[in-house]
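A.B. asks: Structure: protein18.txt, compact mmCIF, C-alpha atoms.
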# COMPACT_ATOMS: atom_id res chain seq x y z
CA MET A 24 -71.45 47.40 -1.26
CA ALA A 25 -70.76 45.86 2.12
CA LYS A 26 -71.25 47.98 5.19
CA LYS A 27 -68.84 47.56 8.09
CA ILE A 28 -70.03 47.74 11.68
CA VAL A 29 -67.57 47.86 14.57
CA ILE A 30 -68.65 47.43 18.19
CA ASP A 31 -65.76 48.16 20.53
CA PRO A 32 -65.85 48.02 23.51
CA ILE A 33 -68.41 45.29 24.14
CA THR A 34 -69.59 46.18 27.63
CA ARG A 35 -71.00 44.12 30.53
CA ILE A 36 -68.38 41.44 30.04
CA GLU A 37 -65.00 40.73 31.59
CA GLY A 38 -62.13 41.85 29.40
CA HIS A 39 -61.93 43.82 26.19
CA LEU A 40 -63.86 42.43 23.24
CA ARG A 41 -64.32 43.89 19.78
CA ILE A 42 -66.78 42.73 17.12
CA ASP A 43 -66.35 43.56 13.44
CA ILE A 44 -69.30 42.80 11.16
CA ASP A 45 -69.67 42.97 7.37
CA VAL A 46 -73.28 43.59 6.38
CA GLU A 47 -74.48 43.15 2.81
CA GLY A 48 -78.07 43.61 1.68
CA GLY A 49 -79.26 43.80 5.28
CA LYS A 50 -77.63 40.49 6.17
CA VAL A 51 -74.47 39.67 8.07
CA LYS A 52 -71.94 38.45 5.54
CA ASN A 53 -68.98 37.96 7.81
CA ALA A 54 -68.11 38.65 11.43
CA TRP A 55 -64.99 38.63 13.57
CA SER A 56 -64.55 38.77 17.31
CA SER A 57 -61.23 39.70 18.82
CA GLY A 58 -59.86 40.02 22.32
CA GLN A 59 -58.20 43.41 22.54
CA MET A 60 -56.05 42.68 25.57
CA PHE A 61 -53.01 40.46 25.93
CA ARG A 62 -51.05 39.78 29.10
CA GLY A 63 -48.91 36.79 28.07
CA ILE A 64 -49.83 34.59 31.04
CA GLU A 65 -48.35 31.57 29.20
CA LYS A 66 -45.02 33.39 28.91
CA ILE A 67 -45.19 34.36 32.58
CA LEU A 68 -45.70 30.70 33.56
CA GLU A 69 -42.57 29.52 31.75
CA GLY A 70 -39.84 28.55 34.19
CA LYS A 71 -42.08 28.85 37.25
CA HIS A 72 -42.70 25.97 39.63
CA PRO A 73 -45.84 23.97 38.65
CA ASN A 74 -47.16 24.35 42.20
CA ASP A 75 -47.29 28.12 41.68
CA ALA A 76 -49.22 27.88 38.40
CA TRP A 77 -52.74 27.74 39.82
CA PHE A 78 -52.27 31.06 41.53
CA ILE A 79 -51.31 32.79 38.29
CA THR A 80 -53.76 31.07 35.92
CA GLN A 81 -56.51 31.88 38.41
CA ARG A 82 -56.00 35.52 37.40
CA PHE A 83 -57.17 34.89 33.83
CA CYS A 84 -60.63 35.98 34.84
CA GLY A 85 -62.00 37.32 38.11
CA VAL A 86 -65.67 36.84 37.26
CA MET B 14 -85.54 52.75 55.33
CA LEU B 15 -83.70 55.93 54.66
CA GLU B 16 -85.70 58.41 52.71
CA GLY B 17 -85.66 62.04 51.73
CA ASP B 18 -82.50 64.03 51.69
CA GLY B 19 -79.95 63.91 48.90
CA LEU B 20 -78.07 60.73 48.37
CA THR B 21 -80.28 58.65 50.59
CA LYS B 22 -83.05 58.77 47.98
CA GLY B 23 -81.03 56.20 46.11
CA LEU B 24 -80.45 54.06 49.16
CA SER B 25 -83.91 52.57 49.30
CA ARG B 26 -82.49 49.08 49.57
CA ILE B 27 -80.23 49.92 52.50
CA SER B 28 -81.79 50.09 55.94
CA ARG B 29 -80.78 52.91 58.27
CA LYS B 30 -79.29 50.34 60.61
CA ASP B 31 -77.07 48.95 57.84
CA PHE B 32 -76.12 52.43 56.65
CA LEU B 33 -74.94 53.44 60.12
CA LYS B 34 -73.18 50.10 60.50
CA TYR B 35 -71.17 50.72 57.34
CA CYS B 36 -70.36 54.24 58.47
CA SER B 37 -69.10 52.82 61.78
CA ILE B 38 -66.99 50.19 60.02
CA ALA B 39 -65.58 52.86 57.69
CA ALA B 40 -64.76 55.09 60.69
CA ALA B 41 -63.05 52.16 62.44
CA THR B 42 -61.11 51.27 59.29
CA LEU B 43 -59.95 54.86 59.01
CA GLY B 44 -58.80 54.77 62.61
CA LEU B 45 -61.30 57.46 63.59
CA PRO B 46 -63.10 57.44 66.94
CA PRO B 47 -66.60 55.88 66.93
CA SER B 48 -68.23 59.33 67.24
CA MET B 49 -66.92 60.13 63.75
CA ALA B 50 -69.30 57.58 62.25
CA LYS B 51 -72.11 60.13 62.62
CA VAL B 52 -69.98 62.84 60.95
CA LEU B 53 -69.26 60.50 58.04
CA ALA B 54 -72.94 59.61 57.79
CA ALA B 55 -73.95 63.30 57.76
CA GLU B 56 -71.32 64.19 55.13
CA VAL B 57 -72.24 61.25 52.95
CA LYS B 58 -75.93 62.20 53.00
CA LYS B 59 -75.22 65.68 51.61
CA ASP B 60 -75.45 64.40 48.05
CA THR B 61 -72.17 65.85 46.84
CA ARG B 62 -71.55 62.76 44.80
CA PRO B 63 -68.22 63.10 43.00
CA PRO B 64 -68.25 62.07 39.34
CA VAL B 65 -66.22 58.89 38.87
CA ILE B 66 -64.78 57.44 35.69
CA TRP B 67 -63.72 53.81 36.09
CA LEU B 68 -61.33 52.48 33.45
CA HIS B 69 -60.38 48.86 32.84
CA PHE B 70 -57.04 47.94 31.35
CA GLN B 71 -55.02 44.70 31.72
CA GLU B 72 -57.28 43.19 34.34
CA CYS B 73 -59.53 40.26 35.17
CA THR B 74 -62.44 42.35 36.53
CA GLY B 75 -61.85 40.65 39.88
CA CYS B 76 -61.64 44.01 41.67
CA THR B 77 -65.05 45.03 40.32
CA GLU B 78 -66.45 41.60 41.17
CA SER B 79 -65.15 41.73 44.73
CA LEU B 80 -66.99 45.00 45.12
CA LEU B 81 -70.26 43.90 43.50
CA ARG B 82 -70.46 40.37 44.83
CA THR B 83 -69.99 40.98 48.51
CA SER B 84 -72.15 38.45 50.33
CA HIS B 85 -74.07 41.35 51.83
CA PRO B 86 -74.77 43.37 48.66
CA ALA B 87 -75.37 46.64 50.48
CA ILE B 88 -71.71 47.66 50.66
CA GLY B 89 -71.26 47.59 46.88
CA GLN B 90 -74.59 49.38 46.62
CA LEU B 91 -73.44 52.00 49.13
CA ILE B 92 -70.20 52.75 47.29
CA LEU B 93 -72.08 53.04 44.02
CA ASP B 94 -74.57 55.39 45.69
CA LEU B 95 -71.83 57.56 47.20
CA ILE B 96 -70.42 58.35 43.79
CA SER B 97 -71.81 59.24 40.41
CA LEU B 98 -70.39 56.42 38.31
CA ASP B 99 -70.30 57.95 34.84
CA TYR B 100 -68.30 55.28 33.03
CA HIS B 101 -67.72 51.63 33.92
CA GLU B 102 -67.54 49.08 31.10
CA THR B 103 -68.77 46.14 33.16
CA LEU B 104 -71.85 47.96 34.42
CA MET B 105 -72.91 50.38 31.71
CA ALA B 106 -75.73 49.78 29.23
CA ALA B 107 -74.06 51.52 26.29
CA ALA B 108 -71.57 49.66 24.10
CA GLY B 109 -69.26 50.46 21.21
CA LYS B 110 -69.45 54.00 19.86
CA GLN B 111 -72.02 55.13 22.42
CA ALA B 112 -69.82 53.95 25.29
CA HIS B 113 -66.90 55.84 23.82
CA GLU B 114 -69.03 58.99 23.57
CA VAL B 115 -70.14 58.61 27.19
CA LEU B 116 -66.49 58.50 28.25
CA LYS B 117 -65.50 61.57 26.23
CA GLY B 118 -68.59 63.43 27.45
CA ALA B 119 -67.96 62.58 31.10
CA MET B 120 -64.35 63.70 30.83
CA SER B 121 -65.09 67.06 29.22
CA LYS B 122 -68.19 67.83 31.34
CA ASN B 123 -66.42 67.18 34.66
CA LYS B 124 -62.95 68.32 33.70
CA GLY B 125 -60.75 68.82 36.75
CA LYS B 126 -63.45 67.46 39.07
CA TYR B 127 -63.79 63.75 38.48
CA VAL B 128 -62.17 60.91 40.36
CA LEU B 129 -60.48 58.43 38.04
CA ILE B 130 -60.51 54.82 39.22
CA VAL B 131 -58.16 52.56 37.31
CA GLU B 132 -58.43 48.78 37.38
CA GLY B 133 -55.68 46.80 35.65
CA ALA B 134 -52.12 47.39 34.55
CA ILE B 135 -51.03 49.43 31.54
CA PRO B 136 -48.92 47.72 28.87
CA THR B 137 -46.16 49.96 27.53
CA LYS B 138 -44.34 47.75 25.00
CA GLU B 139 -44.85 48.42 21.25
CA ASN B 140 -46.54 51.74 22.11
CA GLY B 141 -49.16 49.98 24.21
CA ILE B 142 -50.84 47.82 21.55
CA TYR B 143 -51.44 45.00 24.06
CA CYS B 144 -54.56 46.67 25.43
CA LYS B 145 -56.94 48.64 23.24
CA ILE B 146 -60.42 49.95 23.89
CA GLY B 147 -62.38 51.41 21.00
CA GLY B 148 -59.17 51.49 18.98
CA GLU B 149 -57.32 53.56 21.59
CA THR B 150 -54.46 52.17 23.65
CA ALA B 151 -54.70 51.96 27.42
CA LEU B 152 -51.60 54.11 27.51
CA SER B 153 -53.17 57.04 25.64
CA MET B 154 -56.52 56.62 27.45
CA LEU B 155 -54.83 56.81 30.85
CA LYS B 156 -52.85 59.90 29.88
CA GLU B 157 -55.94 61.67 28.56
CA ALA B 158 -58.22 60.66 31.46
CA SER B 159 -55.71 61.46 34.19
CA ALA B 160 -55.03 64.94 32.81
CA GLY B 161 -58.55 66.07 33.77
CA ALA B 162 -58.84 64.05 37.01
CA ALA B 163 -58.97 65.65 40.45
CA ALA B 164 -57.65 62.44 42.00
CA ILE B 165 -56.80 58.94 40.86
CA ILE B 166 -57.48 55.70 42.71
CA ALA B 167 -55.53 52.69 41.43
CA ILE B 168 -57.63 49.76 42.56
CA GLY B 169 -56.01 46.34 42.85
CA SER B 170 -52.43 45.14 42.57
CA CYS B 171 -52.31 45.47 38.75
CA ALA B 172 -53.23 49.15 38.64
CA SER B 173 -51.08 49.88 41.71
CA PHE B 174 -47.84 48.09 40.81
CA GLY B 175 -48.39 46.10 37.60
CA GLY B 176 -49.67 42.93 39.31
CA VAL B 177 -49.85 39.64 37.46
CA PRO B 178 -49.23 40.99 33.92
CA SER B 179 -45.97 42.55 35.16
CA ALA B 180 -44.66 39.26 36.59
CA LYS B 181 -41.33 38.21 35.11
CA PRO B 182 -40.57 38.36 32.21
CA ASN B 183 -43.34 41.00 31.90
CA PRO B 184 -44.14 40.17 28.25
CA THR B 185 -46.14 43.34 27.58
CA GLY B 186 -44.16 45.85 29.65
CA ALA B 187 -47.07 46.21 32.09
CA VAL B 188 -46.77 48.93 34.73
CA GLY B 189 -48.96 50.52 37.40
CA VAL B 190 -50.56 53.96 37.19
CA GLY B 191 -47.91 55.54 39.44
CA ASP B 192 -45.15 54.59 37.00
CA LEU B 193 -46.74 56.63 34.24
CA ILE B 194 -48.61 59.46 35.91
CA LYS B 195 -46.61 61.88 38.04
CA GLY B 196 -47.71 64.94 39.97
CA LYS B 197 -51.34 63.84 40.45
CA ALA B 198 -53.11 62.91 43.67
CA LEU B 199 -52.92 59.11 43.52
CA ILE B 200 -54.08 56.49 46.01
CA ASN B 201 -52.97 52.90 45.55
CA LEU B 202 -55.32 50.27 46.93
CA PRO B 203 -53.41 47.08 46.12
CA GLY B 204 -54.81 43.63 46.81
CA CYS B 205 -55.83 40.74 44.61
CA PRO B 206 -58.63 41.57 45.02
CA PRO B 207 -58.60 44.57 47.39
CA ASN B 208 -61.06 44.70 50.24
CA PRO B 209 -64.11 46.78 49.23
CA TYR B 210 -64.16 48.30 52.74
CA ASN B 211 -60.89 50.06 51.95
CA LEU B 212 -62.42 51.65 48.86
CA LEU B 213 -65.50 52.64 50.86
CA SER B 214 -63.31 54.15 53.60
CA ALA B 215 -61.10 56.02 51.11
CA VAL B 216 -64.17 57.45 49.35
CA MET B 217 -65.80 58.43 52.67
CA TYR B 218 -62.57 60.05 53.85
CA TYR B 219 -62.36 62.07 50.63
CA LEU B 220 -66.01 63.15 50.88
CA THR B 221 -65.73 64.13 54.55
CA PHE B 222 -62.32 65.79 54.73
CA LYS B 223 -62.02 66.92 51.07
CA ARG B 224 -58.47 65.63 50.88
CA LEU B 225 -56.60 62.37 50.50
CA PRO B 226 -55.80 60.18 53.49
CA LYS B 227 -52.18 59.86 54.62
CA LEU B 228 -50.20 57.54 52.39
CA ASP B 229 -47.10 55.39 52.81
CA LYS B 230 -44.08 55.33 50.49
CA LEU B 231 -45.88 53.06 48.05
CA GLY B 232 -48.90 55.39 47.90
CA ARG B 233 -51.10 53.14 50.04
CA PRO B 234 -53.38 54.70 52.70
CA LEU B 235 -51.87 54.15 56.15
CA PHE B 236 -55.30 53.48 57.63
CA ALA B 237 -55.41 50.20 55.72
CA TYR B 238 -51.78 49.39 54.93
CA GLY B 239 -50.00 50.87 57.95
CA ARG B 240 -49.30 47.56 59.66
CA THR B 241 -48.38 44.06 58.62
CA LEU B 242 -50.96 41.27 58.54
CA HIS B 243 -48.78 39.41 60.98
CA ASP B 244 -49.35 42.10 63.64
CA HIS B 245 -53.05 41.26 63.81
CA CYS B 246 -52.98 37.63 62.73
CA GLU B 247 -55.10 35.26 64.78
CA ARG B 248 -52.32 32.66 64.38
CA LYS B 249 -49.58 34.96 65.70
CA ALA B 250 -49.56 33.27 69.11
CA HIS B 251 -48.58 30.07 67.34
CA PHE B 252 -45.74 31.86 65.56
CA ASP B 253 -44.43 33.28 68.82
CA ALA B 254 -44.65 29.88 70.47
CA GLY B 255 -42.97 28.14 67.55
CA ARG B 256 -45.94 26.00 66.52
CA PHE B 257 -45.95 25.62 62.75
CA VAL B 258 -47.79 23.80 60.00
CA ARG B 259 -45.19 21.55 58.31
CA LYS B 260 -47.36 19.98 55.63
CA TYR B 261 -50.87 20.67 54.36
CA GLY B 262 -53.26 18.40 56.22
CA ASP B 263 -50.88 17.56 59.07
CA GLU B 264 -51.85 17.82 62.71
CA GLY B 265 -50.60 21.41 62.98
CA HIS B 266 -52.65 22.41 59.94
CA ARG B 267 -55.76 20.86 61.42
CA LYS B 268 -55.11 22.68 64.68
CA GLY B 269 -54.68 26.06 62.98
CA TYR B 270 -50.97 26.59 63.66
CA CYS B 271 -48.86 29.32 62.06
CA LEU B 272 -48.34 29.05 58.28
CA TYR B 273 -44.95 30.85 58.16
CA VAL B 274 -42.97 27.72 57.28
CA MET B 275 -45.43 26.97 54.46
CA GLY B 276 -44.50 30.28 52.81
CA CYS B 277 -46.78 32.82 54.53
CA LYS B 278 -45.80 36.36 53.52
CA GLY B 279 -47.77 37.86 56.44
CA PRO B 280 -44.72 39.14 58.37
CA VAL B 281 -43.76 41.46 55.49
CA THR B 282 -47.14 42.22 53.94
CA HIS B 283 -48.81 45.49 54.84
CA ALA B 284 -52.59 45.21 54.75
CA ASN B 285 -55.60 45.01 57.05
CA CYS B 286 -57.01 41.66 55.80
CA SER B 287 -56.49 40.07 59.21
CA ALA B 288 -58.44 42.86 60.91
CA ILE B 289 -61.20 43.70 58.39
CA LYS B 290 -61.54 40.27 56.72
CA PHE B 291 -63.59 39.44 53.67
CA ASN B 292 -67.11 38.59 52.55
CA GLU B 293 -68.58 39.77 55.85
CA ALA B 294 -68.19 36.19 57.00
CA ASN B 295 -65.04 36.87 59.03
CA VAL B 296 -62.79 34.93 56.69
CA TRP B 297 -59.50 35.75 55.00
CA PRO B 298 -56.91 33.50 53.34
CA VAL B 299 -55.02 32.58 56.53
CA SER B 300 -58.21 31.72 58.44
CA THR B 301 -59.06 29.20 55.72
CA GLY B 302 -55.66 27.55 56.15
CA HIS B 303 -53.69 29.12 53.28
CA PRO B 304 -50.59 31.27 53.71
CA CYS B 305 -50.74 34.96 52.78
CA VAL B 306 -49.34 35.41 49.25
CA GLY B 307 -48.30 39.04 49.75
CA CYS B 308 -50.52 40.54 47.05
CA THR B 309 -50.47 44.06 48.51
CA GLU B 310 -46.69 44.37 48.22
CA LYS B 311 -44.74 45.23 45.10
CA ASN B 312 -43.04 42.32 43.29
CA ILE B 313 -43.97 39.59 45.74
CA ALA B 314 -47.24 37.82 44.96
CA PHE B 315 -46.56 36.86 41.34
CA ASP B 316 -42.78 36.81 41.35
CA VAL B 317 -41.88 34.97 44.54
CA SER B 318 -42.93 31.33 44.88
CA LEU B 319 -45.93 30.67 47.11
CA TYR B 320 -43.79 28.26 49.10
CA LYS B 321 -40.94 30.62 50.01
CA SER B 322 -41.08 32.32 53.39
CA PRO B 323 -39.91 35.90 53.90
CA LYS B 324 -36.52 36.14 55.55
CA ILE B 325 -36.94 37.25 59.12
CA LEU B 326 -34.11 38.70 61.18
CA ALA B 327 -32.73 35.75 63.15
CA ALA B 328 -33.33 37.49 66.46
CA LYS B 329 -37.01 37.98 65.65
CA ALA B 330 -37.83 34.42 64.66
CA PRO B 331 -38.83 31.75 67.14
CA LYS B 332 -35.82 29.79 68.45
CA CYS B 333 -37.09 26.48 67.13
CA LEU B 334 -36.53 27.75 63.56
CA GLU B 335 -32.83 28.52 64.16
CA LYS B 336 -31.47 25.17 63.01
CA GLU B 337 -34.00 24.62 60.26
CA VAL B 338 -33.46 25.16 56.58
CA ILE B 339 -36.47 27.05 55.28
CA GLU B 340 -36.58 28.33 51.73
CA THR B 341 -36.66 32.09 52.14
CA PHE B 342 -36.55 35.23 50.02
CA GLU B 343 -35.32 38.78 50.63
CA MET B 344 -37.87 41.58 50.59
CA PRO B 345 -37.36 44.11 47.84
CA GLY B 346 -36.51 47.60 49.09
CA GLU B 347 -38.79 49.54 51.36
CA ALA B 348 -41.00 46.77 52.64
CA LYS B 349 -37.92 44.97 53.95
CA GLU B 350 -36.85 47.68 56.35
CA ARG B 351 -40.32 48.16 57.80
CA GLY B 352 -41.48 44.57 57.60
CA SER B 353 -38.98 43.24 60.06
CA GLY B 354 -39.43 45.99 62.63
CA SER B 355 -42.81 44.94 63.93
CA MET B 356 -42.06 41.40 65.08
CA VAL B 357 -42.42 40.31 68.66
CA GLY B 358 -39.11 39.01 70.03
CA VAL B 359 -38.20 35.39 70.61
CA ALA B 360 -38.41 35.89 74.33
CA ILE B 361 -42.13 35.28 74.03
CA ALA B 362 -41.89 31.55 73.58
CA ALA B 363 -44.21 30.14 76.16
CA ALA B 364 -47.57 29.17 74.77
CA ALA B 365 -49.53 31.01 77.44
CA ILE B 366 -47.74 34.31 76.84
CA GLY B 367 -48.05 33.75 73.13
CA ALA B 368 -51.80 33.41 73.46
CA VAL B 369 -51.98 36.69 75.41
CA ALA B 370 -49.91 38.44 72.72
CA GLY B 371 -52.27 37.11 70.08
CA PHE B 372 -55.29 38.36 71.99
CA ALA B 373 -53.68 41.78 72.41
CA GLY B 374 -53.12 41.82 68.65
CA ALA B 375 -56.77 41.08 67.99
CA VAL B 376 -57.83 43.90 70.32
CA ALA B 377 -55.35 46.30 68.73
CA ALA B 378 -56.93 45.47 65.38
CA LYS B 379 -60.16 47.04 66.57
CA LEU B 380 -58.48 50.16 67.93
CA PRO B 381 -57.85 53.38 66.00
CA ASN B 382 -54.56 53.47 64.14
CA LYS B 383 -52.35 56.00 65.91
CA GLU B 384 -50.48 56.88 62.74
CA GLU B 385 -53.67 58.41 61.37
CA GLU B 386 -55.06 61.52 63.03
Please, can you express the file's structure as structure tokens?

C.D. replies:
Amino acid sequence: MAKKIVIDPITRIEGHLRIDIDVEGGKVKNAWSSGQMFRGIEKILEGKHPNDAWFITQRFCGV
Amino acid sequence: MLEGDGLTKGLSRISRKDFLKYCSIAAATLGLPPSMAKVLAAEVKKDTRPPVIWLHFQECTGCTESLLRTSHPAIGQLILDLISLDYHETLMAAAGKQAHEVLKGAMSKNKGKYVLIVEGAIPTKENGIYCKIGGETALSMLKEASAGAAAIIAIGSCASFGGVPSAKPNPTGAVGVGDLIKGKALINLPGCPPNPYNLLSAVMYYLTFKRLPKLDKLGRPLFAYGRTLHDHCERKAHFDAGRFVRKYGDEGHRKGYCLYVMGCKGPVTHANCSAIKFNEANVWPVSTGHPCVGCTEKNIAFDVSLYKSPKILAAKAPKCLEKEVIETFEMPGEAKERGSGSMVGVAIAAAAIGAVAGFAGAVAAKLPNKEEE
């Protein structure tokens, strides 16, 4: 019987990360990582002038 | 080194000289007379550290980084020593379930007493599924955490007004704290990132006077956002004299002329960047040769092109701009009416007079703000 471990939030990082782990017989059988935050920066960039893009994409991550 | 009483036990890495320096800077930022620095210092040393819960939503952690990575680390240290930071995902050791328990514990233990600091916008579309922490949406977390908060500080442009995630077409329905939470003491400290001195000053003000500083219509403290950047800009003399950068790298750019024609939003942007500056190295965007992008105003930085200049009343702009076609934009709402009121008239065209006006601006930047008590 697989045991499920969820770590959410992962701290000391930028952003919101979640880890799901399936453990079977004391060993990791499967694992998933997922970003839990979506802003749609690509959608925001659509239709904007290319010269303005750096200023918006720069905001992906402030670290 | 400071030793002994209360809070200062934790300040072992800050020298007394530095501590008093920061108190003086905070007093100056608040527009208080220099003698108040000692009052701030005394209040701060009382060890009445307010519990603080710091939540991250749709953000890039840039606000936290700007606080922690100041070139002189003591200011970040000082802010963290002034408060009891009970929850902060970037800094805490706990993760997952334990982190969640820390948050719930801090909220129930300090109910009605804690200061809630919010970094990042809150997505509202599809019931807020675009930002989840520990399975809970940002939307429900904010509602729960703000219910028990004594005061809320929205740090950065995202938490204040929605910032970059709320730029058109706002795919996730991102909004600022003030759009969701009504009837709570809320301070907006917009900026991308905001200056850590403004957070320090707001916290010191709250600790000393036990109330919030005076705010403008957008919820921003007047001590920091009461005037436009343009008022204190070191390049203002060039604006008044009609000397502009026309192209990046041209002669005017090399000589440090005014960046208005290149799209500088300084004349309509309310902030103290030009007076306080960043990184304790006396720099800010305009001093490095880039126009202000207007990040402390609502709906400017990420919605208006970097290369569009704010429309200035014809009578207020230098005469040499009269016949030129400059791509401009209209200010939305409130900022428009106030933004245009503070310009020096075209009469000041001579370079010499312009230089004097610029110097007066720089001096005024160091003086107490009359709008604050």

A.B. asks: Just checking: using only C-alpha atoms, which residue out of A:Leu68, A:Ala54, A:Ile44, A:Ile33 ends up closest to chain B?

C.D. replies: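 Among A:Leu68, A:Ala54, A:Ile44, A:Ile33, it is A:Ile33 that comes nearest to chain B.
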
A.B. asks: Please tabulate, as CSV, the residues of stretch 144-201 of chain B that come within 8 Å of stretch 37-43 of chain A, each with its closest pair of atoms and the distance in Å to one decimal, counting only C-alpha atoms and ordering rows by chain, then residue number upward.

C.D. replies:
residue,atom,partner,partner_atom,distance
B:Cys144,CA,A:His39,CA,7.9
B:Lys145,CA,A:His39,CA,7.5
B:Ile146,CA,A:His39,CA,6.7
B:Gly147,CA,A:Arg41,CA,7.9

A.B. asks: Could you make a table, as a Markdown table, of the residues of stretch 209-277 of chain B that have an atom within 12 Å of an atom of stretch 128-138 of chain B, each with its nearest atom pair and distance in Å to one decimal, counting only C-alpha atoms, in chain and number order?

C.D. replies:
| residue | atom | partner | partner_atom | distance |
| --- | --- | --- | --- | --- |
| B:Leu212 | CA | B:Ile130 | CA | 10.3 |
| B:Ala215 | CA | B:Val128 | CA | 11.9 |
| B:Val216 | CA | B:Val128 | CA | 9.8 |
| B:Tyr219 | CA | B:Val128 | CA | 10.3 |
| B:Leu220 | CA | B:Val128 | CA | 11.4 |
| B:Leu225 | CA | B:Val128 | CA | 11.7 |

A.B. asks: In Å, rounded to a single decimal, give me how far atom CA of B:Ile166 is from atom CA of B:Ser179.

C.D. replies: 19.0 Å

A.B. asks: Return as a Markdown table the residues of chain A lying at most 7 Å from chain B, together with the closest atom-to-atom pair for each and the distance in Å to one decimal, counting all atoms listed in the file, with rows in chain order and ascending residue number.

C.D. replies:
| residue | atom | partner | partner_atom | distance |
| --- | --- | --- | --- | --- |
| A:Ile30 | CA | B:Gly109 | CA | 4.3 |
| A:Asp31 | CA | B:Gly109 | CA | 4.2 |
| A:Pro32 | CA | B:Gly109 | CA | 4.8 |
| A:Ile33 | CA | B:Ala108 | CA | 5.4 |
| A:Thr34 | CA | B:Glu102 | CA | 5.0 |
| A:Arg35 | CA | B:Thr103 | CA | 4.0 |
| A:Ile36 | CA | B:Thr103 | CA | 5.7 |
| A:Glu37 | CA | B:Thr74 | CA | 5.8 |
| A:Gly38 | CA | B:Cys73 | CA | 6.5 |
| A:His39 | CA | B:Ile146 | CA | 6.7 |
| A:Gln59 | CA | B:Lys145 | CA | 5.4 |
| A:Met60 | CA | B:Cys144 | CA | 4.3 |
| A:Phe61 | CA | B:Tyr143 | CA | 5.2 |
| A:Arg62 | CA | B:Pro178 | CA | 5.3 |
| A:Gly63 | CA | B:Pro184 | CA | 5.8 |
| A:Lys66 | CA | B:Pro184 | CA | 6.9 |
| A:Ile67 | CA | B:Lys181 | CA | 6.0 |
| A:Asp75 | CA | B:Leu319 | CA | 6.2 |
| A:Ile79 | CA | B:Phe315 | CA | 7.0 |
| A:Arg82 | CA | B:Cys73 | CA | 6.3 |
| A:Phe83 | CA | B:Cys73 | CA | 6.0 |
| A:Cys84 | CA | B:Cys73 | CA | 4.4 |
| A:Gly85 | CA | B:Gly75 | CA | 3.8 |
| A:Val86 | CA | B:Gly75 | CA | 6.0 |

A.B. asks: Output C-alpha atoms for every residue in that selection, as a PDB file, in the coordinates of the input.

C.D. replies:
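Generated output (part08.pdb):
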ATOM      1  CA  ILE A  30     -68.650  47.430  18.190  1.00  0.00           C
ATOM      2  CA  ASP A  31     -65.760  48.160  20.530  1.00  0.00           C
ATOM      3  CA  PRO A  32     -65.850  48.020  23.510  1.00  0.00           C
ATOM      4  CA  ILE A  33     -68.410  45.290  24.140  1.00  0.00           C
ATOM      5  CA  THR A  34     -69.590  46.180  27.630  1.00  0.00           C
ATOM      6  CA  ARG A  35     -71.000  44.120  30.530  1.00  0.00           C
ATOM      7  CA  ILE A  36     -68.380  41.440  30.040  1.00  0.00           C
ATOM      8  CA  GLU A  37     -65.000  40.730  31.590  1.00  0.00           C
ATOM      9  CA  GLY A  38     -62.130  41.850  29.400  1.00  0.00           C
ATOM     10  CA  HIS A  39     -61.930  43.820  26.190  1.00  0.00           C
ATOM     11  CA  GLN A  59     -58.200  43.410  22.540  1.00  0.00           C
ATOM     12  CA  MET A  60     -56.050  42.680  25.570  1.00  0.00           C
ATOM     13  CA  PHE A  61     -53.010  40.460  25.930  1.00  0.00           C
ATOM     14  CA  ARG A  62     -51.050  39.780  29.100  1.00  0.00           C
ATOM     15  CA  GLY A  63     -48.910  36.790  28.070  1.00  0.00           C
ATOM     16  CA  LYS A  66     -45.020  33.390  28.910  1.00  0.00           C
ATOM     17  CA  ILE A  67     -45.190  34.360  32.580  1.00  0.00           C
ATOM     18  CA  ASP A  75     -47.290  28.120  41.680  1.00  0.00           C
ATOM     19  CA  ILE A  79     -51.310  32.790  38.290  1.00  0.00           C
ATOM     20  CA  ARG A  82     -56.000  35.520  37.400  1.00  0.00           C
ATOM     21  CA  PHE A  83     -57.170  34.890  33.830  1.00  0.00           C
ATOM     22  CA  CYS A  84     -60.630  35.980  34.840  1.00  0.00           C
ATOM     23  CA  GLY A  85     -62.000  37.320  38.110  1.00  0.00           C
ATOM     24  CA  VAL A  86     -65.670  36.840  37.260  1.00  0.00           C
TER      25      VAL A  86
END

A.B. asks: Calculate how many Å separate atom CA of B:Lys117 from atom CA of A:Ile28, rounding to one decimal.

C.D. replies: 20.6 Å

A.B. asks: Return the single residue from B:Glu139, B:Asn208, B:Ala50, B:Asp192 that is closest to B:Leu80, with distances computed using all atoms listed in the file.

C.D. replies: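 Residue with the minimum atom-to-atom distance to B:Leu80: B:Asn208.
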